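S.K.: Structure: model13.pdb, PDB, C-alpha atoms, pLDDT in the B column.
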ATOM      1  CA  MET A   1       0.212  13.552  -8.013  1.00 50.00           C
ATOM      2  CA  ARG A   2      -0.623  17.105  -6.999  1.00 52.00           C
ATOM      3  CA  GLN A   3      -3.946  18.700  -7.758  1.00 50.00           C
ATOM      4  CA  GLN A   4      -4.671  22.334  -7.091  1.00 50.00           C
ATOM      5  CA  SER A   5      -8.057  23.376  -5.770  1.00 48.00           C
ATOM      6  CA  PRO A   6      -9.430  26.900  -6.052  1.00 49.00           C
ATOM      7  CA  SER A   7      -8.904  28.672  -2.766  1.00 48.00           C
ATOM      8  CA  PRO A   8     -11.427  31.363  -1.869  1.00 60.00           C
ATOM      9  CA  THR A   9      -9.307  32.587   1.037  1.00 80.00           C
ATOM     10  CA  ARG A  10      -5.840  34.069   1.084  1.00 90.00           C
ATOM     11  CA  HIS A  11      -5.141  32.396   4.434  1.00 95.00           C
ATOM     12  CA  LEU A  12      -5.845  28.796   3.423  1.00 96.00           C
ATOM     13  CA  HIS A  13      -4.654  27.038   0.298  1.00 96.00           C
ATOM     14  CA  VAL A  14      -6.011  23.549  -0.386  1.00 96.00           C
ATOM     15  CA  ARG A  15      -4.416  20.947  -2.632  1.00 95.00           C
ATOM     16  CA  ARG A  16      -4.200  17.203  -3.055  1.00 96.00           C
ATOM     17  CA  ASP A  17      -0.863  15.446  -2.802  1.00 96.00           C
ATOM     18  CA  ARG A  18      -0.270  11.678  -2.740  1.00 94.00           C
ATOM     19  CA  GLY A  19      -3.799  10.895  -1.620  1.00 94.00           C
ATOM     20  CA  HIS A  20      -3.801  13.549   1.113  1.00 97.00           C
ATOM     21  CA  THR A  21      -5.694  16.809   1.357  1.00 97.00           C
ATOM     22  CA  VAL A  22      -3.054  19.391   2.274  1.00 97.00           C
ATOM     23  CA  LEU A  23      -4.436  22.468   4.008  1.00 97.00           C
ATOM     24  CA  GLU A  24      -1.730  25.138   3.901  1.00 97.00           C
ATOM     25  CA  PHE A  25      -2.327  27.942   6.376  1.00 97.00           C
ATOM     26  CA  ARG A  26      -0.769  31.244   5.284  1.00 96.00           C
ATOM     27  CA  GLY A  27      -0.009  34.629   6.801  1.00 95.00           C
ATOM     28  CA  GLU A  28      -1.555  35.732  10.064  1.00 95.00           C
ATOM     29  CA  ILE A  29      -4.025  33.328  11.614  1.00 95.00           C
ATOM     30  CA  ASP A  30      -6.105  35.377  14.037  1.00 96.00           C
ATOM     31  CA  ILE A  31      -9.789  35.845  14.811  1.00 96.00           C
ATOM     32  CA  ALA A  32     -10.509  37.647  11.521  1.00 95.00           C
ATOM     33  CA  SER A  33      -8.740  35.136   9.293  1.00 96.00           C
ATOM     34  CA  ALA A  34     -10.199  32.220  11.299  1.00 96.00           C
ATOM     35  CA  GLU A  35     -13.705  33.337  10.334  1.00 95.00           C
ATOM     36  CA  GLU A  36     -12.599  33.360   6.698  1.00 95.00           C
ATOM     37  CA  ILE A  37     -10.918  29.944   6.951  1.00 96.00           C
ATOM     38  CA  ALA A  38     -13.553  28.009   8.940  1.00 96.00           C
ATOM     39  CA  PRO A  39     -16.094  27.297   6.159  1.00 96.00           C
ATOM     40  CA  ARG A  40     -13.436  25.978   3.770  1.00 95.00           C
ATOM     41  CA  LEU A  41     -11.763  24.015   6.552  1.00 96.00           C
ATOM     42  CA  ASP A  42     -15.096  22.392   7.403  1.00 96.00           C
ATOM     43  CA  ARG A  43     -15.732  21.372   3.784  1.00 95.00           C
ATOM     44  CA  GLU A  44     -12.333  19.706   3.552  1.00 96.00           C
ATOM     45  CA  THR A  45     -12.386  17.952   6.925  1.00 96.00           C
ATOM     46  CA  GLU A  46     -15.944  16.608   6.898  1.00 95.00           C
ATOM     47  CA  ARG A  47     -15.256  13.997   4.221  1.00 94.00           C
ATOM     48  CA  PRO A  48     -15.363  10.350   5.348  1.00 96.00           C
ATOM     49  CA  ASP A  49     -11.976   8.627   5.725  1.00 96.00           C
ATOM     50  CA  ALA A  50     -10.063  11.784   4.763  1.00 96.00           C
ATOM     51  CA  LEU A  51      -6.276  11.891   4.935  1.00 97.00           C
ATOM     52  CA  VAL A  52      -5.572  15.478   5.977  1.00 98.00           C
ATOM     53  CA  VAL A  53      -2.342  17.398   6.517  1.00 98.00           C
ATOM     54  CA  LEU A  54      -2.526  20.725   8.337  1.00 98.00           C
ATOM     55  CA  ASP A  55       0.545  22.621   7.152  1.00 98.00           C
ATOM     56  CA  LEU A  56       1.574  25.632   9.253  1.00 97.00           C
ATOM     57  CA  SER A  57       4.882  26.260   7.487  1.00 96.00           C
ATOM     58  CA  GLY A  58       3.512  29.381   5.754  1.00 94.00           C
ATOM     59  CA  ILE A  59       2.227  31.221   8.808  1.00 95.00           C
ATOM     60  CA  GLU A  60       3.629  34.470  10.183  1.00 93.00           C
ATOM     61  CA  PHE A  61       1.406  34.760  13.259  1.00 93.00           C
ATOM     62  CA  PHE A  62      -0.783  32.226  15.028  1.00 92.00           C
ATOM     63  CA  ASP A  63      -3.029  32.811  18.041  1.00 94.00           C
ATOM     64  CA  CYS A  64      -5.718  30.923  19.971  1.00 94.00           C
ATOM     65  CA  SER A  65      -8.102  31.279  17.020  1.00 96.00           C
ATOM     66  CA  GLY A  66      -5.670  29.173  15.016  1.00 95.00           C
ATOM     67  CA  LEU A  67      -5.505  26.603  17.795  1.00 96.00           C
ATOM     68  CA  ARG A  68      -9.285  26.326  17.724  1.00 96.00           C
ATOM     69  CA  LEU A  69      -9.178  25.726  13.964  1.00 97.00           C
ATOM     70  CA  LEU A  70      -6.618  22.943  14.385  1.00 97.00           C
ATOM     71  CA  TYR A  71      -8.594  21.247  17.126  1.00 97.00           C
ATOM     72  CA  ARG A  72     -11.812  21.578  15.118  1.00 97.00           C
ATOM     73  CA  ALA A  73     -10.178  20.044  12.033  1.00 97.00           C
ATOM     74  CA  ARG A  74      -8.724  17.187  14.073  1.00 98.00           C
ATOM     75  CA  ARG A  75     -12.059  16.393  15.697  1.00 97.00           C
ATOM     76  CA  GLN A  76     -13.958  16.449  12.401  1.00 97.00           C
ATOM     77  CA  VAL A  77     -11.445  14.235  10.589  1.00 98.00           C
ATOM     78  CA  LEU A  78     -11.209  11.665  13.381  1.00 97.00           C
ATOM     79  CA  ASP A  79     -14.977  11.593  13.915  1.00 97.00           C
ATOM     80  CA  ARG A  80     -15.339  10.496  10.284  1.00 97.00           C
ATOM     81  CA  GLY A  81     -12.678   7.783  10.400  1.00 97.00           C
ATOM     82  CA  GLY A  82      -9.861   9.781   8.812  1.00 97.00           C
ATOM     83  CA  GLN A  83      -6.301  10.641   9.725  1.00 97.00           C
ATOM     84  CA  VAL A  84      -4.830  14.046  10.422  1.00 97.00           C
ATOM     85  CA  HIS A  85      -1.195  15.137  10.493  1.00 98.00           C
ATOM     86  CA  LEU A  86       0.408  18.443  11.437  1.00 98.00           C
ATOM     87  CA  VAL A  87       3.400  20.194   9.868  1.00 98.00           C
ATOM     88  CA  CYS A  88       5.029  22.880  11.990  1.00 97.00           C
ATOM     89  CA  ALA A  89       8.607  23.924  12.652  1.00 95.00           C
ATOM     90  CA  HIS A  90       8.159  27.493  13.950  1.00 92.00           C
ATOM     91  CA  PRO A  91       9.515  27.588  17.538  1.00 94.00           C
ATOM     92  CA  LEU A  92       6.862  29.913  19.017  1.00 92.00           C
ATOM     93  CA  THR A  93       4.002  28.013  17.425  1.00 93.00           C
ATOM     94  CA  LEU A  94       5.485  24.704  18.561  1.00 95.00           C
ATOM     95  CA  ARG A  95       5.704  26.105  22.084  1.00 95.00           C
ATOM     96  CA  MET A  96       2.030  27.089  21.970  1.00 94.00           C
ATOM     97  CA  LEU A  97       1.103  23.615  20.704  1.00 96.00           C
ATOM     98  CA  ARG A  98       3.035  22.005  23.561  1.00 96.00           C
ATOM     99  CA  ILE A  99       1.646  24.306  26.266  1.00 96.00           C
ATOM    100  CA  THR A 100      -1.951  23.686  25.181  1.00 96.00           C
ATOM    101  CA  GLY A 101      -1.476  19.919  24.795  1.00 96.00           C
ATOM    102  CA  LEU A 102      -2.341  19.947  21.105  1.00 96.00           C
ATOM    103  CA  ALA A 103       1.146  18.648  20.278  1.00 97.00           C
ATOM    104  CA  ARG A 104       0.287  15.430  22.160  1.00 97.00           C
ATOM    105  CA  LEU A 105      -2.904  14.999  20.142  1.00 96.00           C
ATOM    106  CA  MET A 106      -1.250  15.826  16.806  1.00 96.00           C
ATOM    107  CA  PRO A 107       2.516  15.408  17.012  1.00 97.00           C
ATOM    108  CA  PRO A 108       3.992  18.021  14.664  1.00 97.00           C
ATOM    109  CA  ARG A 109       6.425  17.048  11.914  1.00 97.00           C
ATOM    110  CA  PRO A 110       8.951  19.595  10.616  1.00 96.00           C
ATOM    111  CA  THR A 111       8.198  19.145   6.889  1.00 97.00           C
ATOM    112  CA  LEU A 112       5.418  18.130   4.565  1.00 96.00           C
ATOM    113  CA  GLU A 113       7.730  15.624   2.906  1.00 95.00           C
ATOM    114  CA  GLU A 114       8.247  13.872   6.220  1.00 95.00           C
ATOM    115  CA  VAL A 115       4.492  13.478   6.661  1.00 95.00           C
ATOM    116  CA  LEU A 116       3.786  12.361   3.114  1.00 94.00           C
ATOM    117  CA  GLY A 117       6.821  10.109   2.963  1.00 88.00           C
ATOM    118  CA  VAL A 118       6.143   8.170   6.167  1.00 59.00           C
ATOM    119  CA  SER A 119       2.373   8.417   6.421  1.00 45.00           C
ATOM    120  CA  ARG A 120       0.795   5.011   6.974  1.00 50.00           C
ATOM    121  CA  PRO A 121      -2.389   3.937   8.641  1.00 47.00           C
ATOM    122  CA  ALA A 122      -2.033   5.080  12.211  1.00 45.00           C
ATOM    123  CA  GLU A 123      -4.097   3.937  15.132  1.00 41.00           C
ATOM    124  CA  ARG A 124      -7.202   6.055  15.253  1.00 45.00           C
ATOM    125  CA  ARG A 125      -7.740   8.166  18.286  1.00 45.00           C
ATOM    126  CA  THR A 126     -11.274   8.542  19.406  1.00 46.00           C
ATOM    127  CA  GLY A 127     -10.613  11.013  22.230  1.00 47.00           C
ATOM    128  CA  ARG A 128     -11.463  14.648  21.797  1.00 45.00           C
TER     129      ARG A 128
END
Please render this file's structure as structure tokens.
M.R.:
Amino acid sequence: MRQQSPSPTRHLHVRRDRGHTVLEFRGEIDIASAEEIAPRLDRETERPDALVVLDLSGIEFFDCSGLRLLYRARRQVLDRGGQVHLVCAHPLTLRMLRITGLARLMPPRPTLEEVLGVSRPAERRTGR
């Protein structure tokens, strides 16, 4: 069941889907939009035992500020006993994720349906 949540930022849309909090990043994710996104991202990722999906399918541009947001979200979710998944199919963004090692920490899936359809309790990673 999907539930919409008011989104105070045009770069991050938050909704609930099948027990997961889906954080849909949109447009250009750079230093300016990261400042706008961070407070909402923190609210959604600081919940205990959260099931979070970071969905990058709606982005047009993504720089190191976006990478910092992803790493921050991952750390916060895992520190509170939750699970985090990543959706990304854009070749340049995938390349950046691989080069920085973030793809090893959060293996990207090409679609949201793939994440929500196969998501099961995964072994928790405690590394940062």
S.K.: Could you list, as a PDB file with C-alpha atoms, in the frame of the given file, every residue within 8 Å of Asp55 (chain A), counting only C-alpha atoms and ignoring same-chain residues fewer than 4 positions away?
M.R.:
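Final output, saved to out20.pdb:
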ATOM      1  CA  VAL A  22      -3.054  19.391   2.274  1.00 97.00           C
ATOM      2  CA  LEU A  23      -4.436  22.468   4.008  1.00 97.00           C
ATOM      3  CA  GLU A  24      -1.730  25.138   3.901  1.00 97.00           C
ATOM      4  CA  PHE A  25      -2.327  27.942   6.376  1.00 97.00           C
ATOM      5  CA  LEU A  86       0.408  18.443  11.437  1.00 98.00           C
ATOM      6  CA  VAL A  87       3.400  20.194   9.868  1.00 98.00           C
ATOM      7  CA  CYS A  88       5.029  22.880  11.990  1.00 97.00           C
ATOM      8  CA  LEU A 112       5.418  18.130   4.565  1.00 96.00           C
TER       9      LEU A 112
END
S.K.: For this structure, which residues satisfy the selection - the PyMOL selection byres ((chain A and resi 60) around 10) - when it is evaluated on the file as given? I want them as a ChimeraX atom specification.
M.R.: /A:25-29,56-59,61-62,90,93
S.K.: Taking the file as shown, find all residues satisfying the PyMOL selection byres ((chain A and resi 103) around 12) and write them as JSON, numbers by chain.
M.R.: {"A": [67, 70, 71, 74, 85, 86, 87, 88, 89, 93, 94, 95, 96, 97, 98, 99, 100, 101, 102, 104, 105, 106, 107, 108, 109]}
S.K.: So which residues get picked by the PyMOL selection byres ((chain A and resi 42) around 12) here, written as a list in words?
M.R.: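 Here the PyMOL selection byres ((chain A and resi 42) around 12) matches Leu12, Leu23, Ala34, Glu35, Glu36, Ile37, Ala38, Pro39, Arg40, Leu41, Arg43, Glu44, Thr45, Glu46, Arg47, Val52, Leu69, Leu70, Tyr71, Arg72, Ala73, Arg74, Arg75, Gln76 and Val77 of chain A.
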S.K.: Rank nothing, just name the residue among A:Asp30, A:Asp63, A:Glu114, A:Asp49 nearest to Val84 (chain A), using only C-alpha atoms.
M.R.: A:Asp49
S.K.: Interatomic distance between CA of Leu51 (chain A) and CA of His20 (chain A)?
M.R.: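 Distance between the two atoms: 4.8 Å.
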S.K.: One decimal, in Å: what's the spacing between CA of Gly19 (chain A) and CA of Ser65 (chain A)?
M.R.: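 Interatomic distance, CA of Gly19 (chain A) to CA of Ser65 (chain A): 28.0 Å.
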S.K.: Enter the distance from CA of His13 (chain A) to CA of Gly117 (chain A), in Å, rounded to one decimal.
M.R.: 20.6 Å
S.K.: Which residue is closest to Ala32 (chain A)? Choose from A:Arg80, A:Pro91, A:Arg10, A:Glu113 and count all atoms listed in the file.
M.R.: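 Among A:Arg80, A:Pro91, A:Arg10, A:Glu113, it is A:Arg10 that comes nearest to Ala32 (chain A).
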S.K.: Under the rule that all atoms listed in the file are counted, which of A:Asp79, A:Cys64, A:Leu92, A:Leu54 is the nearest residue to Thr111 (chain A)?
M.R.: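 Nearest candidate to Thr111 (chain A) out of A:Asp79, A:Cys64, A:Leu92, A:Leu54: A:Leu54.
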S.K.: Rebuild all heavy atoms on region 63-74 of chain A, as a short mmCIF file (atom, residue, chain, number, x, y, z; two decimals), keeping the file's coordinate frame?
M.R.:
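This went into out32.cif:
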data_model
loop_
_atom_site.label_atom_id
_atom_site.label_comp_id
_atom_site.auth_asym_id
_atom_site.auth_seq_id
_atom_site.Cartn_x
_atom_site.Cartn_y
_atom_site.Cartn_z
N ASP A 63 -2.54 32.62 16.68
CA ASP A 63 -3.03 32.81 18.04
C ASP A 63 -4.04 31.73 18.41
O ASP A 63 -4.17 30.72 17.72
CB ASP A 63 -3.59 34.23 18.24
CG ASP A 63 -4.90 34.49 17.52
OD1 ASP A 63 -5.49 33.55 16.94
OD2 ASP A 63 -5.34 35.65 17.53
N CYS A 64 -4.78 31.94 19.49
CA CYS A 64 -5.72 30.92 19.97
C CYS A 64 -6.81 30.62 18.95
O CYS A 64 -7.36 29.51 18.94
CB CYS A 64 -6.30 31.30 21.32
SG CYS A 64 -7.25 32.82 21.31
N SER A 65 -7.12 31.55 18.08
CA SER A 65 -8.10 31.28 17.02
C SER A 65 -7.58 30.19 16.09
O SER A 65 -8.34 29.33 15.64
CB SER A 65 -8.38 32.54 16.21
OG SER A 65 -8.90 33.55 17.04
N GLY A 66 -6.30 30.22 15.83
CA GLY A 66 -5.67 29.17 15.02
C GLY A 66 -5.68 27.83 15.72
O GLY A 66 -5.92 26.79 15.10
N LEU A 67 -5.45 27.85 17.02
CA LEU A 67 -5.50 26.60 17.80
C LEU A 67 -6.90 25.98 17.73
O LEU A 67 -7.04 24.77 17.57
CB LEU A 67 -5.12 26.86 19.26
CG LEU A 67 -3.66 27.20 19.52
CD1 LEU A 67 -3.49 27.64 20.98
CD2 LEU A 67 -2.76 26.04 19.18
N ARG A 68 -7.91 26.82 17.83
CA ARG A 68 -9.28 26.33 17.72
C ARG A 68 -9.54 25.69 16.36
O ARG A 68 -10.20 24.66 16.26
CB ARG A 68 -10.29 27.45 17.99
CG ARG A 68 -10.49 27.72 19.46
CD ARG A 68 -11.69 28.62 19.72
NE ARG A 68 -11.55 29.95 19.15
CZ ARG A 68 -10.95 30.97 19.78
NH1 ARG A 68 -10.44 30.80 20.97
NH2 ARG A 68 -10.88 32.14 19.20
N LEU A 69 -9.02 26.30 15.30
CA LEU A 69 -9.18 25.73 13.96
C LEU A 69 -8.51 24.35 13.87
O LEU A 69 -9.08 23.42 13.29
CB LEU A 69 -8.58 26.65 12.90
CG LEU A 69 -9.33 27.93 12.59
CD1 LEU A 69 -8.51 28.81 11.66
CD2 LEU A 69 -10.70 27.64 12.00
N LEU A 70 -7.33 24.22 14.43
CA LEU A 70 -6.62 22.94 14.38
C LEU A 70 -7.39 21.87 15.15
O LEU A 70 -7.55 20.74 14.67
CB LEU A 70 -5.21 23.07 14.97
CG LEU A 70 -4.23 23.97 14.23
CD1 LEU A 70 -2.89 23.95 14.95
CD2 LEU A 70 -4.09 23.56 12.78
N TYR A 71 -7.85 22.22 16.33
CA TYR A 71 -8.59 21.25 17.13
C TYR A 71 -9.89 20.85 16.43
O TYR A 71 -10.26 19.68 16.37
CB TYR A 71 -8.89 21.79 18.53
CG TYR A 71 -9.57 20.76 19.38
CD1 TYR A 71 -8.83 19.73 19.96
CD2 TYR A 71 -10.94 20.77 19.56
CE1 TYR A 71 -9.45 18.75 20.72
CE2 TYR A 71 -11.58 19.80 20.31
CZ TYR A 71 -10.83 18.79 20.88
OH TYR A 71 -11.45 17.82 21.61
N ARG A 72 -10.56 21.83 15.85
CA ARG A 72 -11.81 21.58 15.12
C ARG A 72 -11.57 20.63 13.94
O ARG A 72 -12.31 19.68 13.73
CB ARG A 72 -12.35 22.92 14.63
CG ARG A 72 -13.57 22.88 13.78
CD ARG A 72 -13.87 24.31 13.37
NE ARG A 72 -15.10 24.46 12.66
CZ ARG A 72 -15.78 25.58 12.63
NH1 ARG A 72 -15.36 26.64 13.29
NH2 ARG A 72 -16.89 25.66 11.93
N ALA A 73 -10.51 20.90 13.18
CA ALA A 73 -10.18 20.04 12.03
C ALA A 73 -9.87 18.63 12.50
O ALA A 73 -10.35 17.65 11.92
CB ALA A 73 -9.00 20.63 11.27
N ARG A 74 -9.08 18.51 13.54
CA ARG A 74 -8.72 17.19 14.07
C ARG A 74 -9.97 16.41 14.47
O ARG A 74 -10.16 15.25 14.10
CB ARG A 74 -7.81 17.34 15.28
CG ARG A 74 -7.46 16.03 15.93
CD ARG A 74 -6.71 16.25 17.25
NE ARG A 74 -6.48 14.98 17.88
CZ ARG A 74 -7.36 14.39 18.71
NH1 ARG A 74 -8.51 14.96 19.00
NH2 ARG A 74 -7.08 13.21 19.25
#
